[in-house]
$ cat entry_5.tsv   # TSV, C-alpha atoms
chain	number	residue	atom	x	y	z
Q	1	MET	CA	-12.61	35.77	10.11
Q	2	GLU	CA	-10.39	32.86	9.06
Q	3	GLU	CA	-12.48	29.72	8.58
Q	4	ILE	CA	-11.26	26.24	7.69
Q	5	TYR	CA	-12.73	22.77	7.19
Q	6	LEU	CA	-10.89	19.64	8.34
Q	7	PHE	CA	-11.57	15.92	8.05
Q	8	HIS	CA	-9.56	15.06	11.14
Q	9	ASP	CA	-8.60	17.04	14.22
Q	10	ARG	CA	-6.08	14.68	15.81
Q	11	THR	CA	-3.27	14.77	13.25
Q	12	TYR	CA	-0.05	16.70	13.80
Q	13	LEU	CA	-0.90	19.17	11.02
Q	14	SER	CA	-4.38	19.80	12.40
Q	15	LYS	CA	-2.80	21.41	15.47
Q	16	TYR	CA	-1.77	24.30	13.26
Q	17	PHE	CA	-5.12	24.60	11.51
Q	18	LYS	CA	-6.98	24.61	14.82
Q	19	SER	CA	-5.49	28.04	15.45
Q	20	PHE	CA	-7.89	29.50	12.86
Q	21	ASP	CA	-10.81	31.63	14.07
Q	22	LYS	CA	-13.44	29.07	13.05
Q	23	VAL	CA	-12.60	25.41	12.60
Q	24	ASN	CA	-15.17	22.98	11.20
Q	25	LEU	CA	-14.92	19.21	10.98
Q	26	ILE	CA	-16.33	17.21	8.05
Q	27	GLU	CA	-17.19	13.54	8.41
Q	28	ASP	CA	-14.24	11.24	7.85
Q	29	GLY	CA	-16.12	7.98	8.28
Q	30	ARG	CA	-17.02	5.66	11.11
Q	31	ALA	CA	-14.43	7.23	13.38
Q	32	ASN	CA	-16.79	10.18	13.78
Q	33	TYR	CA	-19.35	7.97	15.50
Q	34	GLN	CA	-17.08	5.70	17.53
Q	35	GLY	CA	-14.71	6.92	20.20
Q	36	ARG	CA	-11.11	5.76	20.32
Q	37	LYS	CA	-10.42	3.99	23.60
Q	38	ILE	CA	-7.63	5.45	25.70
Q	39	VAL	CA	-5.52	2.53	26.89
Q	40	ARG	CA	-2.86	2.55	29.63
Q	41	ASN	CA	-2.18	6.28	29.32
Q	42	TYR	CA	-3.11	7.21	32.87
Q	43	LEU	CA	-1.70	10.73	32.69
Q	44	LYS	CA	-3.80	11.50	29.63
Q	45	ARG	CA	-6.87	9.96	31.24
Q	46	THR	CA	-6.37	12.09	34.35
Q	47	LEU	CA	-5.86	15.30	32.37
Q	48	ARG	CA	-8.96	14.63	30.28
Q	49	PHE	CA	-11.01	14.01	33.41
Q	50	VAL	CA	-9.82	17.31	34.92
Q	51	LEU	CA	-10.63	19.17	31.69
Q	52	GLY	CA	-14.13	17.72	31.57
Q	53	TYR	CA	-13.62	15.20	28.75
Q	54	SER	CA	-14.29	11.48	28.82
Q	55	TYR	CA	-11.29	9.74	30.37
Q	56	GLN	CA	-12.12	6.45	28.64
Q	57	TYR	CA	-12.75	7.48	25.02
Q	58	GLN	CA	-11.56	10.24	22.71
Q	59	PHE	CA	-13.95	11.57	20.05
Q	60	LEU	CA	-13.36	13.49	16.83
Q	61	GLY	CA	-14.63	17.05	17.14
Q	62	GLU	CA	-14.78	17.07	20.93
Q	63	SER	CA	-12.18	19.83	21.26
Q	64	SER	CA	-13.48	23.28	22.19
Q	65	GLU	CA	-11.47	24.58	19.21
Q	66	ILE	CA	-13.92	22.86	16.83
Q	67	SER	CA	-16.93	25.06	16.07
Q	68	SER	CA	-19.06	22.67	14.00
Q	69	VAL	CA	-19.06	19.01	13.01
Q	70	TYR	CA	-20.83	18.11	9.75
Q	71	LEU	CA	-22.09	14.52	9.70
Q	72	MET	CA	-24.12	12.38	7.31
Q	73	LYS	CA	-26.07	10.97	10.24
Q	74	PRO	CA	-26.22	13.65	12.95
Q	75	GLU	CA	-28.66	11.55	14.96
Q	76	TYR	CA	-25.90	9.00	15.65
Q	77	ALA	CA	-23.33	11.54	16.84
Q	78	PRO	CA	-21.67	10.91	20.23
Q	79	CYS	CA	-23.39	12.82	23.04
Q	80	CYS	CA	-20.31	14.93	23.78
Q	81	ILE	CA	-20.43	16.66	20.37
Q	82	LYS	CA	-24.18	16.76	19.68
Q	83	GLY	CA	-24.35	20.47	20.46
Q	84	LYS	CA	-22.06	21.34	17.54
Q	85	VAL	CA	-23.25	18.75	14.99
Q	86	LYS	CA	-24.89	19.82	11.72
Q	87	PRO	CA	-26.14	17.81	8.72
Q	88	LEU	CA	-23.47	17.29	6.08
Q	89	THR	CA	-25.98	18.33	3.43
Q	90	GLU	CA	-25.89	21.82	4.89
Q	91	PHE	CA	-22.21	22.04	3.97
Q	92	VAL	CA	-22.64	20.38	0.56
Q	93	ASN	CA	-25.45	22.72	-0.46
Q	94	ARG	CA	-23.20	25.70	0.20
Q	95	LEU	CA	-20.60	24.61	-2.36
Q	96	SER	CA	-20.49	27.22	-5.09
Q	97	ASN	CA	-20.05	26.32	-8.75
Q	98	ASP	CA	-16.59	27.87	-8.65
Q	99	THR	CA	-15.64	25.67	-5.70
Q	100	VAL	CA	-16.90	22.56	-7.47
Q	101	ARG	CA	-14.93	23.44	-10.61
Q	102	THR	CA	-11.81	24.03	-8.51
Q	103	ILE	CA	-12.11	20.62	-6.81
Q	104	ILE	CA	-12.69	18.83	-10.13
Q	105	SER	CA	-9.75	20.63	-11.72
Q	106	PHE	CA	-7.42	20.03	-8.76
Q	107	PHE	CA	-7.99	16.27	-8.78
Q	108	ARG	CA	-8.21	16.12	-12.60
Q	109	VAL	CA	-11.48	14.23	-12.40
Q	110	GLU	CA	-12.59	12.74	-15.70
Q	111	ALA	CA	-16.24	12.28	-16.64
Q	112	MET	CA	-17.78	8.90	-15.85
Q	113	GLU	CA	-19.66	7.01	-18.53
Q	114	SER	CA	-23.38	6.96	-17.79
Q	115	ASN	CA	-23.61	3.16	-17.96
Q	116	ALA	CA	-20.45	2.43	-15.98
Q	117	ILE	CA	-20.33	0.89	-12.53
Q	118	LEU	CA	-17.86	2.16	-9.96
Q	119	VAL	CA	-16.23	-0.22	-7.47
Q	120	LEU	CA	-14.53	1.27	-4.41
Q	121	THR	CA	-11.77	-0.95	-3.04
Q	122	GLN	CA	-10.27	-0.91	0.45
Q	123	GLY	CA	-6.85	-1.76	1.83
Q	124	LEU	CA	-8.13	-4.86	3.60
Q	125	ASP	CA	-4.66	-6.38	3.84
Q	126	ILE	CA	-3.14	-3.13	5.10
Q	127	ALA	CA	-5.82	-2.98	7.80
Q	128	GLY	CA	-4.88	-6.51	8.84
Q	129	LEU	CA	-8.25	-7.99	7.92
Q	130	CYS	CA	-6.90	-10.51	5.41
Q	131	SER	CA	-3.92	-11.30	3.20
Q	132	LYS	CA	-3.21	-9.43	-0.03
Q	133	LYS	CA	-3.97	-12.61	-1.98
Q	134	ASP	CA	-7.40	-12.94	-0.36
Q	135	LYS	CA	-8.15	-9.25	-0.87
Q	136	LEU	CA	-7.35	-9.36	-4.57
Q	137	ASN	CA	-9.38	-12.54	-4.98
Q	138	ILE	CA	-12.41	-10.86	-3.40
Q	139	TYR	CA	-12.28	-7.93	-5.82
Q	140	TYR	CA	-11.47	-10.14	-8.80
Q	141	VAL	CA	-14.56	-12.30	-8.23
Q	142	LEU	CA	-16.69	-9.25	-7.42
Q	143	VAL	CA	-15.74	-7.45	-10.64
Q	144	GLN	CA	-16.26	-10.64	-12.66
Q	145	LYS	CA	-19.78	-10.95	-11.27
Q	146	LEU	CA	-20.56	-7.29	-11.97
Q	147	LEU	CA	-19.40	-7.68	-15.57
Q	148	ASP	CA	-21.63	-10.73	-15.97
Q	149	TYR	CA	-24.69	-9.12	-14.41
Q	150	TYR	CA	-24.72	-5.43	-14.96
Q	151	SER	CA	-22.44	-3.37	-17.05
Q	152	PRO	CA	-20.24	-3.29	-20.12
Q	153	LYS	CA	-17.87	-1.02	-18.20
Q	154	ILE	CA	-16.44	-1.29	-14.68
Q	155	VAL	CA	-14.34	1.45	-13.09
Q	156	VAL	CA	-12.29	0.35	-10.08
Q	157	LYS	CA	-11.36	3.24	-7.77
Q	158	ILE	CA	-8.63	2.03	-5.46
Q	159	HIS	CA	-8.13	3.16	-1.88
Q	160	PRO	CA	-5.39	5.77	-1.24
Q	161	SER	CA	-3.47	3.26	0.89
Q	162	GLU	CA	-3.19	0.76	-1.98
Q	163	ASP	CA	-0.75	0.35	-4.84
Q	164	ILE	CA	-2.44	0.82	-8.22
Q	165	LYS	CA	-0.05	-1.73	-9.75
Q	166	GLU	CA	-1.83	-4.49	-7.80
Q	167	TYR	CA	-5.03	-3.82	-9.71
Q	168	THR	CA	-3.58	-3.03	-13.13
Q	169	LYS	CA	-1.90	-6.43	-12.97
Q	170	LEU	CA	-5.03	-8.14	-11.61
Q	171	PHE	CA	-7.25	-6.82	-14.40
Q	172	ALA	CA	-4.63	-6.66	-17.16
Q	173	GLY	CA	-6.68	-8.84	-19.49
Q	174	PHE	CA	-9.97	-7.01	-18.94
Q	175	SER	CA	-10.75	-4.53	-21.71
Q	176	ARG	CA	-13.91	-3.40	-19.92
Q	177	VAL	CA	-12.20	-2.57	-16.62
Q	178	THR	CA	-10.57	0.80	-15.92
Q	179	ILE	CA	-8.50	1.56	-12.81
Q	180	ILE	CA	-8.61	4.98	-11.11
Q	181	SER	CA	-5.85	6.13	-8.79
Q	182	GLY	CA	-6.56	6.30	-5.08
Q	183	HIS	CA	-5.39	9.91	-5.09
Q	184	VAL	CA	-8.74	10.93	-6.62
Q	185	PRO	CA	-11.37	10.93	-3.83
Q	186	PHE	CA	-14.75	9.43	-4.62
Q	187	GLU	CA	-16.34	12.58	-3.25
Q	188	ALA	CA	-14.56	14.57	-5.98
Q	189	ILE	CA	-15.68	12.08	-8.62
Q	190	SER	CA	-19.29	12.47	-7.48
Q	191	LEU	CA	-19.13	16.21	-8.17
Q	192	LYS	CA	-18.54	15.48	-11.86
Q	193	ILE	CA	-21.78	13.51	-12.19
Q	194	ASP	CA	-24.90	15.40	-13.20
Q	195	GLY	CA	-28.54	14.53	-12.61
Q	196	LYS	CA	-28.80	12.65	-15.91
Q	197	HIS	CA	-26.55	9.89	-14.62
Q	198	ASP	CA	-27.70	7.02	-12.46
Q	199	LEU	CA	-24.28	5.77	-11.47
Q	200	LYS	CA	-24.13	2.61	-9.37
Q	201	VAL	CA	-21.33	2.52	-6.82
Q	202	TYR	CA	-20.44	-0.68	-4.99
Q	203	SER	CA	-18.21	-1.27	-2.00
Q	204	LEU	CA	-17.78	-4.00	0.56
Q	205	ARG	CA	-18.23	-1.57	3.42
Q	206	THR	CA	-17.31	2.09	3.14
Q	207	SER	CA	-18.23	5.44	4.63
Q	208	SER	CA	-17.62	7.31	1.35
Q	209	PHE	CA	-20.46	9.56	0.29
Q	210	SER	CA	-21.56	11.63	-2.68
Q	211	LEU	CA	-20.99	15.38	-2.66
Q	212	GLY	CA	-22.91	15.89	-5.89
Q	213	PRO	CA	-26.28	17.40	-4.89
Q	214	ASN	CA	-27.58	17.12	-8.46
Q	215	SER	CA	-26.62	13.51	-8.98
Q	216	SER	CA	-28.36	10.29	-8.09
Q	217	VAL	CA	-25.20	8.60	-6.86
Q	218	ASN	CA	-25.82	5.96	-4.24
Q	219	VAL	CA	-23.04	3.99	-2.56
Q	220	LEU	CA	-24.19	0.41	-2.01
Q	221	ASN	CA	-22.39	-1.45	0.77
Q	222	LEU	CA	-22.50	-5.20	0.19
Q	223	ILE	CA	-21.63	-6.06	3.80
Q	224	ASP	CA	-24.07	-4.67	6.34
Q	225	SER	CA	-23.20	-6.70	9.43
Q	226	VAL	CA	-20.72	-5.03	11.79
Q	227	ASP	CA	-20.02	-8.36	13.50
Q	228	MET	CA	-19.20	-10.05	10.20
Q	229	TRP	CA	-16.89	-7.22	9.23
Q	230	THR	CA	-15.17	-7.30	12.61
Q	231	ARG	CA	-14.44	-11.03	12.59
Q	232	PHE	CA	-13.64	-10.86	8.84
Q	233	SER	CA	-13.46	-14.23	7.17
Q	234	SER	CA	-12.51	-13.76	3.51
Q	235	ASP	CA	-14.69	-16.65	2.34
Q	236	GLU	CA	-17.70	-15.42	4.32
Q	237	ILE	CA	-17.23	-11.83	3.16
Q	238	LEU	CA	-16.99	-12.85	-0.49
Q	239	GLU	CA	-19.98	-15.20	-0.31
Q	240	THR	CA	-22.12	-12.58	1.44
Q	241	ALA	CA	-21.08	-9.84	-1.01
Q	242	ILE	CA	-21.94	-11.98	-4.03
Q	243	ASN	CA	-25.28	-13.02	-2.50
Q	244	GLU	CA	-26.14	-9.38	-1.87
Q	245	LEU	CA	-25.14	-8.50	-5.42
Q	246	VAL	CA	-27.44	-11.22	-6.77
Q	247	ARG	CA	-30.26	-10.02	-4.51
Q	248	LEU	CA	-29.90	-6.45	-5.74
Q	249	TYR	CA	-29.83	-7.64	-9.34
Q	250	ASP	CA	-32.98	-9.75	-8.92
Q	251	GLN	CA	-34.67	-6.85	-7.14
Q	252	ASN	CA	-34.11	-4.58	-10.14
Q	253	LEU	CA	-35.33	-7.05	-12.76

$ encode --input "entry_5.tsv" --output "structure tokens"
Amino acid sequence: MEEIYLFHDRTYLSKYFKSFDKVNLIEDGRANYQGRKIVRNYLKRTLRFVLGYSYQYQFLGESSEISSVYLMKPEYAPCCIKGKVKPLTEFVNRLSNDTVRTIISFFRVEAMESNAILVLTQGLDIAGLCSKKDKLNIYYVLVQKLLDYYSPKIVVKIHPSEDIKEYTKLFAGFSRVTIISGHVPFEAISLKIDGKHDLKVYSLRTSSFSLGPNSSVNVLNLIDSVDMWTRFSSDEILETAINELVRLYDQNL
């Protein structure tokens, strides 16, 4: 039996992969929990209604060609896919040592220092949430604060949609800041971390997760409010992120 795992089932390439005998979907982020509204496409809405799907929203994993959907939070899965949802940990725990080594080798993941802090950036400007100038200012101030409070070493892992040159220029004078290409997924990085490391990972608001079952990696989102993220004011986001950083620091004293 041919079995395959996908992160998305609505791309052009996924149409080919869905021809496999068993197709599984792995969480890709918030899109797995929120349907995409179908707007003004009345033919599509009608066809979906006839086929028994929601004619208002489209959900990842809803297709009958998808056998299983692995989610971090199965309890929050849309009703239409609940019957095929499984905990993501079930998939992670099945990763063999050979598979882990293959992933690490493929992405050329380097070992993280035990006392380093990892910052995950996002293409805020590309998503239309703010300007590039405001985005870079947010991460500049955030990294400055982390250097002051926590660690002698900061590793900035940029988002795949971003240009690494933006950050190498931004932190050119920082000897304690290292930039990692967006082509290396955080999930692959987490596989390189063993149980002896207590790596702190900070993000404004991400759905990235650790695949390393033996590590104590915990992704800390500094912005919890969905409403705040949706209306996105750069000043408010930065102030809230710094306040949360200070709170976490004081909490660990």

$ residues_near_point --input "entry_5.tsv" --point "(-10.9, -0.9, -13.5)" --cutoff "12 Å" --atoms "only C-alpha atoms" --output "NGL selection string"
:Q and (116-121 or 139-140 or 142-144 or 146-147 or 152-158 or 164-182)

$ closest_atom_pairs --input "entry_5.tsv" --of "segment 42-116 of chain Q" --to "segment 16-28 of chain Q" --cutoff "8 Å" --atoms "only C-alpha atoms" --output "tab-separated table"
residue	atom	partner	partner_atom	distance
Q:Gly61	CA	Q:Leu25	CA	6.5
Q:Glu65	CA	Q:Lys18	CA	6.3
Q:Ile66	CA	Q:Val23	CA	5.1
Q:Ser67	CA	Q:Val23	CA	5.6
Q:Ser68	CA	Q:Asn24	CA	4.8
Q:Val69	CA	Q:Leu25	CA	4.6
Q:Tyr70	CA	Q:Ile26	CA	4.9
Q:Leu71	CA	Q:Glu27	CA	5.2
Q:Met72	CA	Q:Glu27	CA	7.1
Q:Leu88	CA	Q:Ile26	CA	7.4

$ atom_distance --input "entry_5.tsv" --atom1 "atom CA of Glu236 of chain Q" --atom2 "atom CA of Ser203 of chain Q"
15.5 Å

$ closest_residue --input "entry_5.tsv" --among "Q:Lys200, Q:Arg36, Q:Lys133, Q:Arg30" --to "Tyr150 of chain Q" --atoms "all atoms listed in the file"
Q:Lys200

$ atom_distance --input "entry_5.tsv" --atom1 "atom CA of Leu222 of chain Q" --atom2 "atom CA of Leu204 of chain Q"
4.9 Å

$ closest_residue --input "entry_5.tsv" --among "Q:Thr99, Q:Ser64, Q:Asn41, Q:Thr230" --to "Ala127 of chain Q" --atoms "all atoms listed in the file"
Q:Thr230

$ atom_distance --input "entry_5.tsv" --atom1 "atom CA of Ala188 of chain Q" --atom2 "atom CA of Phe59 of chain Q"
26.2 Å

$ residues_around --input "entry_5.tsv" --residues "Lys37 of chain Q" --least-positions-apart "5" --cutoff "7 Å" --atoms "all atoms listed in the file" --output "number ranges by chain"
Q: 56-58

$ residues_around --input "entry_5.tsv" --residues "segment 246-252 of chain Q" --least-positions-apart "5" --cutoff "9 Å" --atoms "all atoms listed in the file" --output "PyMOL selection string"
chain Q and resi 145+149-150+241

$ write_last_selection --input "entry_5.tsv" --atoms "C-alpha atoms" --output "short mmCIF file (atom, residue, chain, number, x, y, z; two decimals), in the frame of the given file"
data_model
loop_
_atom_site.label_atom_id
_atom_site.label_comp_id
_atom_site.auth_asym_id
_atom_site.auth_seq_id
_atom_site.Cartn_x
_atom_site.Cartn_y
_atom_site.Cartn_z
CA LYS Q 145 -19.78 -10.95 -11.27
CA TYR Q 149 -24.69 -9.12 -14.41
CA TYR Q 150 -24.72 -5.43 -14.96
CA ALA Q 241 -21.08 -9.84 -1.01
#

$ residues_near_point --input "entry_5.tsv" --point "(-12.6, 9.6, 14.3)" --cutoff "6 Å" --atoms "all atoms listed in the file" --output "list in words"
Ala31, Asn32 and Leu60 of chain Q

$ residues_around --input "entry_5.tsv" --residues "Arg45 of chain Q" --least-positions-apart "4" --cutoff "9 Å" --atoms "only C-alpha atoms" --output "PyMOL selection string"
chain Q and resi 38-41+49-50+53-57
